[in-house]
Each structure stands twice: as C-alpha cells, then as structure tokens.
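Dumped my_file.cif below, it's mmCIF, C-alpha atoms:
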```
data_entry
loop_
_atom_site.group_PDB
_atom_site.id
_atom_site.type_symbol
_atom_site.label_atom_id
_atom_site.label_comp_id
_atom_site.auth_asym_id
_atom_site.auth_seq_id
_atom_site.Cartn_x
_atom_site.Cartn_y
_atom_site.Cartn_z
ATOM 1 C CA MET A 1 128.137 90.013 129.336
ATOM 2 C CA ARG A 2 129.470 91.712 126.209
ATOM 3 C CA THR A 3 130.807 88.449 124.807
ATOM 4 C CA LEU A 4 127.631 86.498 125.527
ATOM 5 C CA ALA A 5 125.461 89.249 124.020
ATOM 6 C CA GLY A 6 127.566 89.374 120.853
ATOM 7 C CA ILE A 7 127.442 85.614 120.391
ATOM 8 C CA CYS A 8 123.674 85.506 121.022
ATOM 9 C CA LEU A 9 122.980 88.260 118.523
ATOM 10 C CA ALA A 10 125.132 86.467 115.954
ATOM 11 C CA GLY A 11 123.181 83.279 116.651
ATOM 12 C CA ALA A 12 119.849 85.041 116.125
ATOM 13 C CA VAL A 13 120.988 86.664 112.868
ATOM 14 C CA VAL A 14 122.475 83.448 111.475
ATOM 15 C CA GLY A 15 119.502 81.442 112.716
ATOM 16 C CA ILE A 16 117.131 83.562 110.626
ATOM 17 C CA THR A 17 119.306 84.017 107.538
ATOM 18 C CA VAL A 18 121.139 80.698 107.212
ATOM 19 C CA ALA A 19 118.956 78.187 109.085
ATOM 20 C CA GLY A 20 115.604 79.847 108.362
ATOM 21 C CA VAL A 21 116.059 81.048 104.797
ATOM 22 C CA GLY A 22 118.272 78.062 103.986
ATOM 23 C CA SER A 23 115.642 75.611 105.204
ATOM 24 C CA ARG A 24 112.914 77.391 103.245
ATOM 25 C CA LEU A 25 115.007 77.280 100.053
ATOM 26 C CA ALA A 26 115.724 73.590 100.606
ATOM 27 C CA MET A 27 112.000 72.903 101.049
ATOM 28 C CA MET A 28 111.171 74.882 97.917
ATOM 29 C CA LEU A 29 113.723 72.930 95.876
ATOM 30 C CA LEU A 30 112.406 69.568 97.080
ATOM 31 C CA ALA A 31 108.814 70.666 96.460
ATOM 32 C CA ARG A 32 109.729 71.753 92.926
ATOM 33 C CA LEU A 33 111.297 68.348 92.255
ATOM 34 C CA ASN A 34 108.276 66.512 93.674
ATOM 35 C CA PRO A 35 105.095 68.055 92.210
ATOM 36 C CA HIS A 36 103.164 64.903 93.158
ATOM 37 C CA ALA A 37 103.619 65.835 96.839
ATOM 38 C CA THR A 38 102.060 69.296 96.503
ATOM 39 C CA GLY A 39 99.492 69.859 99.230
ATOM 40 C CA VAL A 40 100.793 67.040 101.435
ATOM 41 C CA GLU A 41 101.615 67.996 105.023
ATOM 42 C CA SER A 42 105.251 67.433 105.936
ATOM 43 C CA ASP A 43 106.398 65.805 109.161
ATOM 44 C CA ASP A 44 106.979 69.277 110.619
ATOM 45 C CA GLY A 45 103.463 70.501 109.839
ATOM 46 C CA PHE A 46 104.278 72.548 106.721
ATOM 47 C CA THR A 47 102.281 72.093 103.512
ATOM 48 C CA ILE A 48 104.589 70.982 100.717
ATOM 49 C CA GLY A 49 104.504 73.248 97.671
ATOM 50 C CA HIS A 50 102.549 76.043 99.403
ATOM 51 C CA LEU A 51 104.607 79.144 100.152
ATOM 52 C CA THR A 52 102.640 81.263 102.624
ATOM 53 C CA LEU A 53 103.613 84.287 104.674
ATOM 54 C CA GLY A 54 102.391 82.683 107.881
ATOM 55 C CA GLY A 55 104.290 79.459 107.272
ATOM 56 C CA THR A 56 107.472 81.329 106.385
ATOM 57 C CA LEU A 57 107.272 83.574 109.459
ATOM 58 C CA SER A 58 106.641 80.525 111.631
ATOM 59 C CA LEU A 59 109.720 78.800 110.224
ATOM 60 C CA LEU A 60 111.866 81.905 110.665
ATOM 61 C CA GLY A 61 110.652 82.275 114.250
ATOM 62 C CA ILE A 62 111.537 78.683 115.038
ATOM 63 C CA CYS A 63 114.984 79.068 113.486
ATOM 64 C CA PHE A 64 115.454 82.363 115.335
ATOM 65 C CA TYR A 65 115.292 80.607 118.694
ATOM 66 C CA ILE A 66 117.138 77.532 117.476
ATOM 67 C CA GLY A 67 119.861 79.949 116.410
ATOM 68 C CA LEU A 68 119.946 81.433 119.911
ATOM 69 C CA LEU A 69 120.210 78.029 121.543
ATOM 70 C CA GLY A 70 122.993 77.106 119.155
ATOM 71 C CA ALA A 71 124.767 80.323 120.097
ATOM 72 C CA LEU A 72 124.618 79.441 123.799
ATOM 73 C CA VAL A 73 126.079 76.013 123.103
ATOM 74 C CA TYR A 74 128.808 77.668 121.033
ATOM 75 C CA ALA A 75 129.550 80.134 123.854
ATOM 76 C CA VAL A 76 130.181 77.198 126.203
ATOM 77 C CA VAL A 77 132.333 75.062 123.866
ATOM 78 C CA ARG A 78 134.194 77.680 121.788
ATOM 79 C CA SER A 79 137.257 77.511 124.051
ATOM 80 C CA LEU A 80 137.659 73.822 123.157
ATOM 81 C CA MET A 81 138.581 74.497 119.528
ATOM 82 C CA ILE A 82 142.157 73.504 118.717
ATOM 83 C CA GLY A 83 144.532 73.450 115.773
ATOM 84 C CA PRO A 84 144.941 75.864 112.861
ATOM 85 C CA ARG A 85 142.050 78.095 111.890
ATOM 86 C CA TRP A 86 141.001 75.938 108.937
ATOM 87 C CA PHE A 87 140.712 72.886 111.214
ATOM 88 C CA GLN A 88 138.711 74.827 113.792
ATOM 89 C CA LEU A 89 136.212 75.970 111.155
ATOM 90 C CA LEU A 90 136.023 72.510 109.607
ATOM 91 C CA SER A 91 135.429 70.717 112.912
ATOM 92 C CA ILE A 92 132.941 73.290 114.235
ATOM 93 C CA SER A 93 130.941 72.855 111.008
ATOM 94 C CA ILE A 94 131.060 69.080 110.523
ATOM 95 C CA GLY A 95 130.166 68.339 114.150
ATOM 96 C CA PRO A 96 126.789 70.142 114.158
ATOM 97 C CA ALA A 97 126.098 69.059 110.567
ATOM 98 C CA VAL A 98 126.273 65.409 111.577
ATOM 99 C CA ALA A 99 124.730 65.757 115.058
ATOM 100 C CA VAL A 100 121.806 67.995 114.073
ATOM 101 C CA GLY A 101 121.463 66.355 110.671
ATOM 102 C CA GLY A 102 121.189 63.008 112.441
ATOM 103 C CA MET A 103 118.258 64.358 114.457
ATOM 104 C CA LEU A 104 116.524 65.805 111.390
ATOM 105 C CA VAL A 105 116.921 62.801 109.100
ATOM 106 C CA HIS A 106 114.542 59.921 109.842
ATOM 107 C CA THR A 107 113.282 56.857 108.046
ATOM 108 C CA ASP A 108 109.613 57.174 108.921
ATOM 109 C CA GLY A 109 107.152 59.862 107.872
ATOM 110 C CA ILE A 110 107.234 61.390 104.395
ATOM 111 C CA ASP A 111 110.041 63.964 104.399
ATOM 112 C CA PHE A 112 112.746 61.486 103.416
ATOM 113 C CA THR A 113 110.649 58.632 102.023
ATOM 114 C CA THR A 114 108.251 60.444 99.689
ATOM 115 C CA LEU A 115 110.442 63.288 98.474
ATOM 116 C CA ASP A 116 112.935 62.276 95.775
ATOM 117 C CA PRO A 117 115.828 62.079 95.399
ATOM 118 C CA ALA A 118 116.308 61.009 99.027
ATOM 119 C CA PRO A 119 120.103 61.598 98.982
ATOM 120 C CA LEU A 120 119.491 65.243 98.034
ATOM 121 C CA ALA A 121 116.972 65.709 100.858
ATOM 122 C CA VAL A 122 119.431 64.219 103.350
ATOM 123 C CA ALA A 123 122.325 66.317 102.013
ATOM 124 C CA LEU A 124 120.336 69.552 102.242
ATOM 125 C CA PHE A 125 119.289 69.054 105.858
ATOM 126 C CA VAL A 126 122.795 68.037 106.865
ATOM 127 C CA LEU A 127 124.268 71.013 105.016
ATOM 128 C CA VAL A 128 122.047 73.656 106.650
ATOM 129 C CA PRO A 129 123.197 73.093 110.272
ATOM 130 C CA GLY A 130 126.798 72.860 109.069
ATOM 131 C CA LEU A 131 126.552 76.222 107.292
ATOM 132 C CA TYR A 132 124.808 77.687 110.348
ATOM 133 C CA ALA A 133 127.686 76.642 112.630
ATOM 134 C CA LEU A 134 130.294 77.979 110.205
ATOM 135 C CA ALA A 135 128.538 81.337 109.758
ATOM 136 C CA LEU A 136 127.936 81.653 113.504
ATOM 137 C CA THR A 137 131.608 81.078 114.266
ATOM 138 C CA LEU A 138 132.822 83.621 111.716
ATOM 139 C CA LEU A 139 130.288 86.314 112.667
ATOM 140 C CA ALA A 140 130.439 85.840 116.441
ATOM 141 C CA GLU A 141 134.232 85.883 116.589
ATOM 142 C CA ARG A 142 134.293 89.021 114.455
ATOM 143 C CA TRP A 143 131.911 90.797 116.842
ATOM 144 C CA VAL A 144 133.454 89.705 120.163
ATOM 145 C CA ARG A 145 137.118 90.173 119.271
ATOM 146 C CA ASP A 146 139.060 93.110 120.691
ATOM 147 C CA GLY A 147 137.842 96.143 118.809
ATOM 148 C CA GLY A 148 134.575 94.468 117.816
ATOM 149 C CA TRP A 149 131.381 96.481 118.193
ATOM 150 C CA CYS A 150 130.173 94.726 121.342
ATOM 151 C CA GLN A 151 133.462 95.504 123.065
ATOM 152 C CA ARG A 152 133.300 99.183 122.108
ATOM 153 C CA VAL A 153 129.751 100.271 122.908
ATOM 154 C CA GLN A 154 128.426 100.942 126.399
ATOM 155 C CA LEU A 155 127.535 97.817 128.348
ATOM 156 C CA LYS A 156 123.816 98.682 128.535
ATOM 157 C CA TYR A 157 123.668 98.731 124.748
ATOM 158 C CA ALA A 158 125.863 95.678 124.281
ATOM 159 C CA ALA A 159 123.569 93.685 126.589
ATOM 160 C CA LEU A 160 120.398 94.583 124.681
ATOM 161 C CA PRO A 161 120.625 91.503 122.411
ATOM 162 C CA LEU A 162 120.065 89.325 125.480
ATOM 163 C CA LEU A 163 116.502 90.672 125.588
ATOM 164 C CA VAL A 164 115.696 88.583 122.530
ATOM 165 C CA PHE A 165 115.226 85.690 124.935
ATOM 166 C CA ALA A 166 112.285 87.449 126.600
ATOM 167 C CA PRO A 167 109.518 86.130 124.291
ATOM 168 C CA GLY A 168 110.835 82.573 124.515
ATOM 169 C CA PHE A 169 109.564 81.704 127.978
ATOM 170 C CA LEU A 170 109.077 78.073 127.011
ATOM 171 C CA LEU A 171 112.783 77.852 126.233
ATOM 172 C CA LEU A 172 113.863 79.028 129.666
ATOM 173 C CA VAL A 173 114.201 75.445 130.851
ATOM 174 C CA VAL A 174 117.048 75.119 128.335
ATOM 175 C CA VAL A 175 118.326 78.689 128.236
ATOM 176 C CA VAL A 176 118.722 79.251 131.975
ATOM 177 C CA PRO A 177 121.010 76.237 132.589
ATOM 178 C CA LEU A 178 123.185 77.117 129.588
ATOM 179 C CA VAL A 179 123.500 80.765 130.628
ATOM 180 C CA ALA A 180 124.148 79.752 134.232
ATOM 181 C CA LEU A 181 126.857 77.312 133.095
ATOM 182 C CA TRP A 182 128.485 79.974 130.940
ATOM 183 C CA PHE A 183 128.562 82.522 133.775
ATOM 184 C CA ALA A 184 129.782 79.873 136.229
ATOM 185 C CA LEU A 185 132.698 79.044 133.969
ATOM 186 C CA ARG A 186 133.519 82.737 133.554
ATOM 187 C CA TRP A 187 133.379 83.255 137.327
ATOM 188 C CA LEU A 188 135.615 80.250 137.979
ATOM 189 C CA ARG A 189 138.239 81.792 135.733
ATOM 190 C CA THR A 190 138.443 84.778 138.083
ATOM 191 C CA THR A 191 139.619 82.516 140.933
ATOM 192 C CA SER A 192 143.102 81.053 141.061
ATOM 193 C CA GLY A 193 141.918 77.518 141.795
ATOM 194 C CA GLY A 194 139.129 77.650 139.241
ATOM 195 C CA ALA A 195 141.375 79.026 136.513
ATOM 196 C CA ALA A 196 143.967 76.331 137.165
ATOM 197 C CA THR A 197 141.288 73.635 137.010
ATOM 198 C CA LEU A 198 139.681 74.933 133.837
ATOM 199 C CA ASP A 199 143.045 75.432 132.163
ATOM 200 C CA HIS A 200 144.247 71.936 133.021
ATOM 201 C CA PRO A 201 144.669 69.989 129.758
ATOM 202 C CA ALA A 202 142.881 66.915 131.139
ATOM 203 C CA GLY A 203 139.568 68.730 131.582
ATOM 204 C CA ALA A 204 139.598 70.208 128.089
ATOM 205 C CA TRP A 205 140.521 66.902 126.488
ATOM 206 C CA LEU A 206 137.809 65.112 128.453
ATOM 207 C CA ALA A 207 135.250 67.599 127.120
ATOM 208 C CA ARG A 208 136.595 67.155 123.580
ATOM 209 C CA ALA A 209 136.357 63.385 123.982
ATOM 210 C CA ALA A 210 132.710 63.712 125.043
ATOM 211 C CA LEU A 211 131.919 65.861 121.997
ATOM 212 C CA THR A 212 133.752 63.389 119.773
ATOM 213 C CA ALA A 213 131.660 60.556 121.227
ATOM 214 C CA VAL A 214 128.470 62.475 120.428
ATOM 215 C CA PHE A 215 129.750 63.039 116.887
ATOM 216 C CA VAL A 216 130.608 59.357 116.367
ATOM 217 C CA VAL A 217 127.256 58.122 117.698
ATOM 218 C CA SER A 218 125.417 60.672 115.518
ATOM 219 C CA ALA A 219 127.496 59.749 112.464
ATOM 220 C CA VAL A 220 126.762 56.042 112.919
ATOM 221 C CA GLY A 221 123.039 56.732 113.319
ATOM 222 C CA LEU A 222 122.987 59.044 110.298
ATOM 223 C CA ALA A 223 124.854 56.491 108.184
ATOM 224 C CA GLY A 224 122.326 53.843 109.195
ATOM 225 C CA ASP A 225 119.410 56.083 108.215
ATOM 226 C CA ILE A 226 121.030 56.894 104.862
ATOM 227 C CA THR A 227 121.584 53.198 104.178
ATOM 228 C CA GLU A 228 117.970 52.369 105.044
ATOM 229 C CA LEU A 229 116.660 55.177 102.844
ATOM 230 C CA GLY A 230 118.743 53.761 100.002
#
```
As structure tokens, the full file:
Amino acid sequence: MRTLAGICLAGAVVGITVAGVGSRLAMMLLARLNPHATGVESDDGFTIGHLTLGGTLSLLGICFYIGLLGALVYAVVRSLMIGPRWFQLLSISIGPAVAVGGMLVHTDGIDFTTLDPAPLAVALFVLVPGLYALALTLLAERWVRDGGWCQRVQLKYAALPLLVFAPGFLLLVVVVPLVALWFALRWLRTTSGGAATLDHPAGAWLARAALTAVFVVSAVGLAGDITELG
C-alpha cells in the first residue's frame, strides 16, 4: 500500500508538472511559430494561440489522471528493469516516448500538418512522455525507497494519495484492473510457489519481450508517420 501510494502520488505530481506544463509550453511554442493558425481549433479541442485559464486547467486535469495511469503501469513493470542505472533510466524513458509519442503523432487533422515545422512538433510530443517517464522513475524511487517518506509515515497517511482516484470514476475501468493486478502480484510473492514463479527468469524475460515488441511496433508506426509528414 505504501509503495503504490508513493508511486501514484509521484505520477500525479509529474503528470501535472512535466506532462501538463510541458504540453502547454510545447503548444505555446508551436502557436508562436505559426501565427496564421491563431484561433484554429486543434485536434484535441484547444484553440491555438489562445491561452485561457479554463483551457489550461482542463489540460492539467487531463494530464493529472494520465500521470496516475502511467504511475500504475510503472508500478506493474518497474521490477522488469535490468542493467546499470543509466540503462534503466534510458530504457524507461525511450519506451514511453516512442509508444505514447506514436499514439499522439498522426498524419491527419491539423496538429502535425498545419503547424510548422512538423519535425519540431513531432519531437516535442515525443519528448514530453519521455521526460514524464524519466521524472516519474526518479521521483517515485526516491519516495518508496527504504527511508523514503511513504515508508516512514503512518499507513493511514501514506495511503491518502490513493484517494486522488476518487474523482476519476470514468477511469475505474482501467484503474481497477491495474490495481488488482498489482496487488495480485504482491500477494503471489508472499507464497512460496508464487514467488518462485514470479522470480523465474523465463517469466520476466517473456514480459520484457512483450514490451520490446510494443516498442518496435510503435517505433515502426512513428517512423512511418514522420516519413509521411516529411
């Protein structure tokens, strides 16, 4: 509970600061470089060149919950990281950058066809999820390590960050399975048979192979979109 709460809080904080603020800064830069697009509605429903409090709060709210979902995914896969620390940080950043960037970049609409230069727009929205994953890893591991704040305070206080899911009822269809999977894996580790199964190298390498496959497919799709955008 303490570990999950610490990771979720880190995800919420990084979601707002890195994903939310970073996305807003990227949009502002692209709008500044494309004055002809001022007033045009982007593919995500934001008005290009118009910085409003409501629009900014909406973006930060979206990134807040995206940050939480990313944290849950990280909580499930963090044990799969291998190699020296620099390789762990590099791989945990590049993977989401390509996978999420591949979902954000598209060849229809106006975001990447009207806003110039297109390579800059692509780079910015690949960079943001990569920086999010890097910042999440550094902050979450700092908080959940032995001696970290969420390991020191009383459990009832450490678990409070989990309440941030309460307003996101529409996300429960995604959140509940991820949380259930995380707790199931933790419970299995308390049994001799489950621990032996989870610690078997074959299972971990199979999971890494699946993540690698997702990365490769996303990278190929992203490369195709970049080529088409020219």
Please report the interatomic distance between CA of Val73 (chain A) and CA of Leu124 (chain A) in Å with one decimal.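 Interatomic distance, CA of Val73 (chain A) to CA of Leu124 (chain A): 22.6 Å.
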Rounded to one decimal in Å, what is the spacing between CA of Pro129 (chain A) and CA of Ala97 (chain A)?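 Separation of CA of Pro129 (chain A) and CA of Ala97 (chain A): 5.0 Å.
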Given the file shown, enumerate the residues that the PyMOL selection byres ((chain A and resi 202-209) around 12) captures and present them as a list of chain:residue names. A:Val76, A:Val77, A:Arg78, A:Ser79, A:Leu80, A:Met81, A:Ile82, A:Ser91, A:Ile92, A:Gly95, A:Gly194, A:Ala195, A:Ala196, A:Thr197, A:Leu198, A:Asp199, A:His200, A:Pro201, A:Ala210, A:Leu211, A:Thr212, A:Ala213, A:Val214, A:Phe215, A:Val216
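Here CA of Leu90 (chain A) and CA of Gly22 (chain A) stand 19.4 Å from one another.
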Could you tell me which of A:Val98, A:Leu60, A:Leu4, A:Thr114 comes closest to Ser23 (chain A) if we count all atoms listed in the file?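 The closest residue to Ser23 (chain A) is A:Leu60.
Proximity of A:Leu138, A:Val128, A:Leu9, A:Leu229 to Met27 (chain A), computed with all atoms listed in the file, is greatest for A:Val128.
Non-sequential neighbours of Tyr157 (chain A) (distance at most 12 Å, separation of 4 or more positions within a chain, all atoms listed in the file) are A:Met1, A:Arg2, A:Ala5, A:Gly6, A:Trp149, A:Cys150, A:Gln151, A:Arg152, A:Val153, A:Pro161, A:Leu162, A:Leu163.
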Could you pull the residues within 9 Å of Leu33 (chain A), counting all atoms listed in the file, minus those fewer than 6 positions along the same chain, as a ChimeraX atom specification? /A:115-117
Could you tell me, as an MDAnalysis selection string, exactly which residues end up selected when the PyMOL selection byres ((chain A and resi 110) around 10) is applied to this structure? chainID A and resid 37 40:43 106:109 111:115
Could you save those same residues with C-alpha atoms as an mmCIF file, in the coordinates of the input?
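Listed below is the output, part29.cif:
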```cif
data_model
loop_
_atom_site.group_PDB
_atom_site.id
_atom_site.type_symbol
_atom_site.label_atom_id
_atom_site.label_comp_id
_atom_site.auth_asym_id
_atom_site.auth_seq_id
_atom_site.Cartn_x
_atom_site.Cartn_y
_atom_site.Cartn_z
ATOM 1 C CA ALA A 37 103.619 65.835 96.839
ATOM 2 C CA VAL A 40 100.793 67.040 101.435
ATOM 3 C CA GLU A 41 101.615 67.996 105.023
ATOM 4 C CA SER A 42 105.251 67.433 105.936
ATOM 5 C CA ASP A 43 106.398 65.805 109.161
ATOM 6 C CA HIS A 106 114.542 59.921 109.842
ATOM 7 C CA THR A 107 113.282 56.857 108.046
ATOM 8 C CA ASP A 108 109.613 57.174 108.921
ATOM 9 C CA GLY A 109 107.152 59.862 107.872
ATOM 10 C CA ASP A 111 110.041 63.964 104.399
ATOM 11 C CA PHE A 112 112.746 61.486 103.416
ATOM 12 C CA THR A 113 110.649 58.632 102.023
ATOM 13 C CA THR A 114 108.251 60.444 99.689
ATOM 14 C CA LEU A 115 110.442 63.288 98.474
#
```
Residue nearest Phe46 (chain A) among A:Asn34, A:Leu131, A:Phe87, A:Leu59 (counting only C-alpha atoms):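 Nearest to Phe46 (chain A): A:Leu59.
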Please return as JSON, numbers by chain every residue within 8 Å of (100.7, 72.7, 101.0), taking into account all atoms listed in the file and the file's own coordinates. {"A": [38, 39, 40, 41, 46, 47, 48, 49, 50, 51]}
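Using the PyMOL selection byres ((chain A and resi 10) around 9) on this structure selects A:Ala5, A:Gly6, A:Ile7, A:Cys8, A:Leu9, A:Gly11, A:Ala12, A:Val13, A:Val14, A:Gly15, A:Gly67, A:Leu68, A:Ala71, A:Ala135, A:Leu136, A:Thr137, A:Leu139, A:Ala140, A:Trp143.
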Step by step, gather every atom of region 104-113 of chain A that the file lists, find the box along x, y and z that holds them, add 3 Å on each side, and finally give centre and edge lengths in Å to one decimal, as JSON.
```
{"center_x": 112.0, "center_y": 61.3, "center_z": 106.7, "size_x": 15.8, "size_y": 14.9, "size_z": 15.4}
```
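In this comparison, which uses only C-alpha atoms, the residue of A:Ala121, A:Pro177, A:Ala99, A:Tyr74 approaching Met28 (chain A) most closely is A:Ala121.
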Using all atoms listed in the file, find the one residue out of A:Leu120, A:Ala26, A:Leu134, A:Leu185 that sits nearest to Pro96 (chain A).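 The answer is A:Leu134, which sits nearest to Pro96 (chain A).
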